[in-house]
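> Let me give you the structure first, and then I'll get to my questions.
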Amino acid sequence: MKGKNDYYKPLFWILGFLSLLLAQGTQALDKAPSIFYPLPAQAQGKIFAAQNLFLGEEGGIWIHDVHGKVVFFDGKSTLPRRGSVLSQESENIVYLNNAFWTFIDNELYRTYPAQDRELIFSLTPGVIIKKIGSSGVFIWLADNTHFYTYNTQTHELVTYSFKEMYQFNHASRMIVNDAKFVLSKWVLATNAGVYLSEDESFSHVLSSDKHFIEKIYFSDKRRELVIGTLNGALIIDVENLKRKKKLVGESHVLSITETDQEYWIGTDDGLFLYSFLTDEIIKLESNDRNTNGLPGNKIYSLVNDLQGGIWIATNKGVRYFSLFGQKFKRHSSALFDNNPMTKIVTRSDNKGYWFLTRQGLYQVDAEDWQEPKLIFPGEVHDFAQIDDHSLWIATHTGIVIYHLQTKKMIETSMLPLKLRSNDTKHLEFDHEGLLWGATGNHLWSYRLADNSLTDFGSEWFVDAFLPAKIIKLKSTRRGVFIGTNHGVYLFDKGKIVFLRATSHYGQNIDIFESTNGDVWFASAYGVFVLAHDRSDIRSIDMVEENISPKCLTETGNGIWLTSSQGISLYNPMGEMVKHFGDPHGLMNNEFKSGVCESSIINSQQQLLLGSRFGLVTAWSSELSVATPPNTNIIFSQVNVDHIPVMFGRGRFQTLELKYGSSISFLFGALPESRALSLEYRIAGYKEWQRLESTQLTLDHLLPGHYRLLVRNYSPHPQNSMINSLSFIVENPWYWSSWAIVLYLCLSIGLIAFASWWRSRWVTKVNRKLKAKVALKTDQLRHQSKIVLVNNQQLRKQLQIRHILVEQMLDSITPTLNQLIYRSQLQQLARLESLALKVKCELALLRNVRNDKTSTQLLYDLSIILNSCVDGWREEFAKANISLAVNNELKQAYIESAHFNLDIIFNTLLSDAVKRLYRNQELQIHCYERDKRLFIVMIDCGDQVQSINSDKRISGFELEEMQLLVQRSGGEIHIFSSPERNLVELSWPSVELVSDAPEMIIVEEHSDDKFIDITEKEWLKKVEKLVHNYYSDPEFSTSSAAKLLFVSERSLQRRFKAVTNKTFKEYLNEIRLEKACQCLLAGGKVAQVAFDCGFNDPSYFSQRFKHHFGLSPTQFVDDNE
């Protein structure tokens, strides 16, 4: 066993070589164009300026930006979309053991994503921590005077002093830039050289002098130390100190990482690679600086995701580089700058290629890509090589021939004029020695042996697809295929036949014949094959639906198809074997249509693929056996009741959910996530369920232990990676043991309570019954009050009818006496007239009824009025109101189809009793003018409202009063002012045999009963106000107080003293009594509710039932 000193003594020798950095010279670098994939958020205009990148335990990248925020990238989304996964932002953060470590003054904190931070330890008060980092299982801290290490496994804290370090240099402040635990010792990179730990202090490595050291990286696998300085990175072999040291880069080193084959060095001047195999230094550059480039020269952080990729943080965003993508070599040359290729053909000598570009036709040697030779400058549409001697070139001025041996143009005067002078678009040689070409849309063939030209014209196009255009010519063993913008034609045995089934695939892009004779077609809407032994086409499935195929070629490994999503390998049966695309070295939509080729270079088959950014090459045999890195499914975010509780699988402990909670999972995948399709199942269930999106929500879970399994959907599920997460749904509180004990205690308590409650219940029931009886009694009292009022009105009407009959009988008595007298005198002539008069008067008596027919009958208006006045004299006398009748009519007859005169007079007299005050007088004048009978009522009481006013008289609308008068054949006019009221009624008079008038003597009665005049007048004023405004829903105690110019409290107190009830109770009684009268008059329940001041018919029904004991509907039904 070696002692500890045997391990760290070589470090002094290693660090001594830092002096080489002072004498460095320029380096010979190779530059390789590469593809750097941006985050998807960049397409939305977001740029993450990251200062640190950390690799998640299960995949994904933690991004610590320059603002101190931390977000998680899962391959599809950046979480959270706003804010940070940490509750407090910090500029100094390290990631270790699924947690973030940071400090505040003298305290070290640990924070798990979406959790609260926890204090780990506190240093001596007054200490201010300046730097934090990690190495292995250690967290290290540094202030101005000490260096601290914390072992996250043993929780041991060790302190080292900087006292000796200040003795070795004259720096005013010691700054620790980086620290690594190497061979049982701590190596510190500072602003004043390198220091090595000894016991509880540090010793200075003299050979490092006072140079600024930024980074230290130790490779456990290669046993090498990489030291980053302001002038590059020095690579030192720990076990072989005599080995030559390698200096990478010439600028400030900011980050270092390692892959299986290279060191990656990030500097402020770009990204450098040191290859372990070739010992070469390569500077990576981008050939697409807009979208897939590497913006910015400063490489702040490098992370190897251990899945075949490197994450790069620059001053202008975060990029991803695929190590697998190094299988695709990109060639940068001046030939490809702003000069896109349109065709690649392998030379017949297999030593190079023909490249057709916008600038002309080039010859390129396979061993020297950087020096292409221009064969023919200018615009070239197509070319074809017949043999090893000549190259036929199609231009806009005709066909030219280039001799490959002499490298000169050949005279073309022997060619037909049409070939020498017309614009030729396409050229193709077939197996019979014919040269096929297209001039515009005219197809022709030229036989070199006899110099004969055959012109097929353009009439062979199907008329239904005109206008048409020739896109591609391809000679095969089955004939010449002609690709157009609407399908494919075949020339065979002297005929051109349209393959109608190809029209469904749209414009033809490329045609290729495989070694077994099958012809493959790439069209705008898909790929299909015409087998050598069949006449029908067969569709070929692509890696995704709705993508565009680009080009077809073949190697010994199968058929290669480039598309808008990369390159795919198919076997001869048309089954896809491999696919390579974004993000494994290729980009979407980068390949050009019809630009691809395969060749054999040094006994290896090579693929040449035309790209928008130049040329991409790859070895067919290497790709055919290569497997892209596996895609790992990541639990990006877990929400419980829509609250994030986990980001990036930060903690591996089992989640615990309360019963009834919902849990949702957001999934991601790296490195490939653009075509992510998932399926899941719960452990214990056999069937996998497809997940249409990347989010899964589980609700209404029963208590128990659950384990969610997720994998990427694949036709070969045995090759899919499975990830899982366990969680527990806790028992609800009512299933717990303490709840059961509580149930037992409650049961005992309920039994004890039941006996006590029963006695209380009997008492309570008795009180309720008593209250119900009291309520029912009150309701019956209100009903009886309404019935008494209605009965009083009916009695009044019946009384008036009796009086009317009596007065009419009295009027008939004199006539009967004369009849008897004349019969005794035997005056027969006079008897007849008397009998007719009696008959007429009896007819008048018979007409006094509610006749609902439309027959016009005669009525004595004077008798009816006198009867009504006689019926109301007693009421007027009780109210101490004088009633003066001036009846100038003796016998006043009117004609009416309806007898309602008594109702009219009753209503007016009833209203007068209510409006007039004590000692006032009601005057009634009856007279005849211009054959009309007039009855005029004059008083000085409260003002009568106009016909159009929404008020009532004795329960009837004034409009209803006008309608009653009109039905009787008369007219009514009301003239009202504050001083006097005048109601004028008139009817047309009817002539009838009259006799001696009967005088009606109106007796006046007086009531000597004394009433408090002041309170009576005030109460009548309030009652008048209520009768005027009760139909207004907004009318209330406060409204009445404002109209009476008193306070609400004063109104309540005075009204209570006079009436022994509150104003609100009185208002509700008036509204309900009016509603009862309206219902008796035939009104609808809803309309009556609104007319009587109720906003809600249901509330009206509730109050009506509470007041009268039955609902309005029942009240109407009972009174029908």
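Please note that chains go A, B, ... in the order of the structure tokens, that every chain numbers its residues from 1, and that ligands are numbered from 1 in the order shown.
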List as a list in words the protein and nucleic acid residues near segment 459-472 of chain A, meaning an atom at most 9 Å away when only C-alpha atoms are counted, but skip any in the same chain fewer than 4 places from it.
Lys425, His426, Ala438, Gly440, Asn441, His442, Leu443, Phe481, Ile482, Gly483, Thr484, Asn485, His486, Tyr489, Ile496, Val497, Phe498, Gln507, Asn508, Ile509, Asp510 and Ile511 of chain A
> Write out the residues from the selection above, keeping N, CA and C atoms, as a CSV table (one decimal), in the first residue's frame.

```csv
chain,number,residue,atom,x,y,z
A,425,LYS,N,-33.4,21.3,-70.5
A,425,LYS,CA,-33.6,21.3,-69.0
A,425,LYS,C,-33.1,20.0,-68.4
A,426,HIS,N,-33.2,18.9,-69.1
A,426,HIS,CA,-32.9,17.6,-68.5
A,426,HIS,C,-32.2,16.7,-69.5
A,438,ALA,N,-35.2,17.0,-72.4
A,438,ALA,CA,-36.5,17.8,-72.4
A,438,ALA,C,-36.1,19.2,-72.7
A,440,GLY,N,-38.0,22.6,-72.7
A,440,GLY,CA,-39.3,23.1,-72.2
A,440,GLY,C,-40.1,21.9,-71.8
A,441,ASN,N,-41.3,21.7,-72.3
A,441,ASN,CA,-42.2,20.5,-72.1
A,441,ASN,C,-42.2,19.5,-73.2
A,442,HIS,N,-41.2,19.7,-74.1
A,442,HIS,CA,-41.1,18.8,-75.3
A,442,HIS,C,-40.1,17.7,-74.9
A,443,LEU,N,-40.5,16.5,-75.1
A,443,LEU,CA,-39.6,15.3,-74.8
A,443,LEU,C,-39.0,14.8,-76.1
A,481,PHE,N,-38.7,6.6,-67.1
A,481,PHE,CA,-39.7,7.2,-66.3
A,481,PHE,C,-39.6,8.7,-66.4
A,482,ILE,N,-40.7,9.4,-66.5
A,482,ILE,CA,-40.8,10.8,-66.7
A,482,ILE,C,-41.5,11.4,-65.5
A,483,GLY,N,-40.8,12.1,-64.6
A,483,GLY,CA,-41.5,12.7,-63.4
A,483,GLY,C,-42.0,14.1,-63.8
A,484,THR,N,-43.2,14.3,-63.4
A,484,THR,CA,-43.8,15.6,-63.7
A,484,THR,C,-44.4,16.2,-62.4
A,485,ASN,N,-45.0,17.4,-62.6
A,485,ASN,CA,-45.6,18.1,-61.4
A,485,ASN,C,-46.9,17.5,-61.0
A,486,HIS,N,-47.4,16.5,-61.7
A,486,HIS,CA,-48.7,15.8,-61.3
A,486,HIS,C,-48.6,14.3,-61.2
A,489,TYR,N,-44.9,9.4,-65.6
A,489,TYR,CA,-45.2,8.7,-66.9
A,489,TYR,C,-44.1,7.7,-67.2
A,496,ILE,N,-45.9,6.2,-74.4
A,496,ILE,CA,-45.8,6.9,-73.1
A,496,ILE,C,-47.1,6.7,-72.4
A,497,VAL,N,-47.0,6.1,-71.2
A,497,VAL,CA,-48.2,5.7,-70.4
A,497,VAL,C,-48.2,6.5,-69.1
A,498,PHE,N,-49.3,7.0,-68.7
A,498,PHE,CA,-49.4,7.7,-67.4
A,498,PHE,C,-49.8,6.7,-66.3
A,507,GLN,N,-46.4,16.1,-57.0
A,507,GLN,CA,-45.2,16.3,-57.8
A,507,GLN,C,-44.1,15.4,-57.5
A,508,ASN,N,-43.5,14.8,-58.6
A,508,ASN,CA,-42.4,13.9,-58.4
A,508,ASN,C,-41.1,14.7,-58.1
A,509,ILE,N,-40.3,14.2,-57.1
A,509,ILE,CA,-39.1,14.8,-56.7
A,509,ILE,C,-37.8,14.0,-57.1
A,510,ASP,N,-37.9,12.7,-56.9
A,510,ASP,CA,-36.7,11.9,-57.3
A,510,ASP,C,-37.2,10.5,-57.7
A,511,ILE,N,-36.4,9.8,-58.6
A,511,ILE,CA,-36.6,8.5,-59.0
A,511,ILE,C,-35.3,7.7,-58.9
```
> Can you list, as a list in words, all residues belonging to segment 312-543 of chain A that DSSP tags as helix (DSSP H, G or I)?
Phe324, Gly325, Gln326, Lys327, Ala334, Leu335, Phe336, Leu417, Lys418, Leu419, Arg420, Ser421, Asp463, Ala464, Phe465, Arg500, Ala501, Thr502, Ser503, His504 and Tyr505 of chain A
> For segment 273-337 of chain A versus segment 64-83 of chain A, which residues have an atom no more than 12 Å away, and what is each residue's nearest atom pair and distance in Å rounded to one decimal, using only C-alpha atoms, chain-then-number order, as CSV?

```
residue,atom,partner,partner_atom,distance
A:Tyr300,CA,A:Asp65,CA,10.6
A:Ser301,CA,A:His64,CA,10.2
A:Trp311,CA,A:Phe73,CA,11.3
A:Ala313,CA,A:Asp65,CA,9.5
A:Thr314,CA,A:Asp65,CA,10.6
A:Asn315,CA,A:Val66,CA,9.4
A:Lys316,CA,A:Asp65,CA,11.1
A:Gly317,CA,A:Asp65,CA,9.7
A:Val318,CA,A:Asp65,CA,10.2
A:Arg319,CA,A:Phe73,CA,11.8
A:Tyr320,CA,A:Gly75,CA,10.5
```
> Using only C-alpha atoms, which residues sit within 10 Å of Asp116 of chain A once same-chain residues fewer than 5 positions away are excluded, as a PDB file with C-alpha atoms, in the first residue's frame?

```pdb
ATOM      1  CA  LEU A  86     -35.932  28.079  -5.771  1.00  0.00           C
ATOM      2  CA  SER A  87     -37.775  30.417  -3.459  1.00  0.00           C
ATOM      3  CA  GLN A  88     -34.695  32.670  -3.091  1.00  0.00           C
ATOM      4  CA  ARG A 110     -29.621  23.157   1.073  1.00  0.00           C
ATOM      5  CA  THR A 111     -32.731  23.462  -1.108  1.00  0.00           C
TER       6      THR A 111
END
```
> To one decimal place, how far is atom CA of Gly581 of chain A from atom CA of Ser523 of chain A in Å?
20.0 Å
> Neighbours of segment 387-400 of chain A within 8 Å (only C-alpha atoms; same-chain residues fewer than 3 positions away dropped), as a ChimeraX atom specification?
/A:348-349,379-384,403-405,409-410,412,418-427
> Out of A:Leu657, A:Ile740, A:Leu1019, A:Met341, which residue has the shortest atom-to-atom distance to Pro703 of chain A when counting only C-alpha atoms?
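Among A:Leu657, A:Ile740, A:Leu1019, A:Met341, it is A:Leu657 that comes nearest to Pro703 of chain A.
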> Find the residue from A:Phe48, A:Tyr112, A:Phe899, A:Tyr917 that sits nearest to Lys878 of chain A; use only C-alpha atoms when measuring.
A:Tyr917
> Between A:Glu679, A:Glu656, A:Asp870, A:Glu692, which is the closest to Ile728 of chain A once you count only C-alpha atoms?
A:Glu656
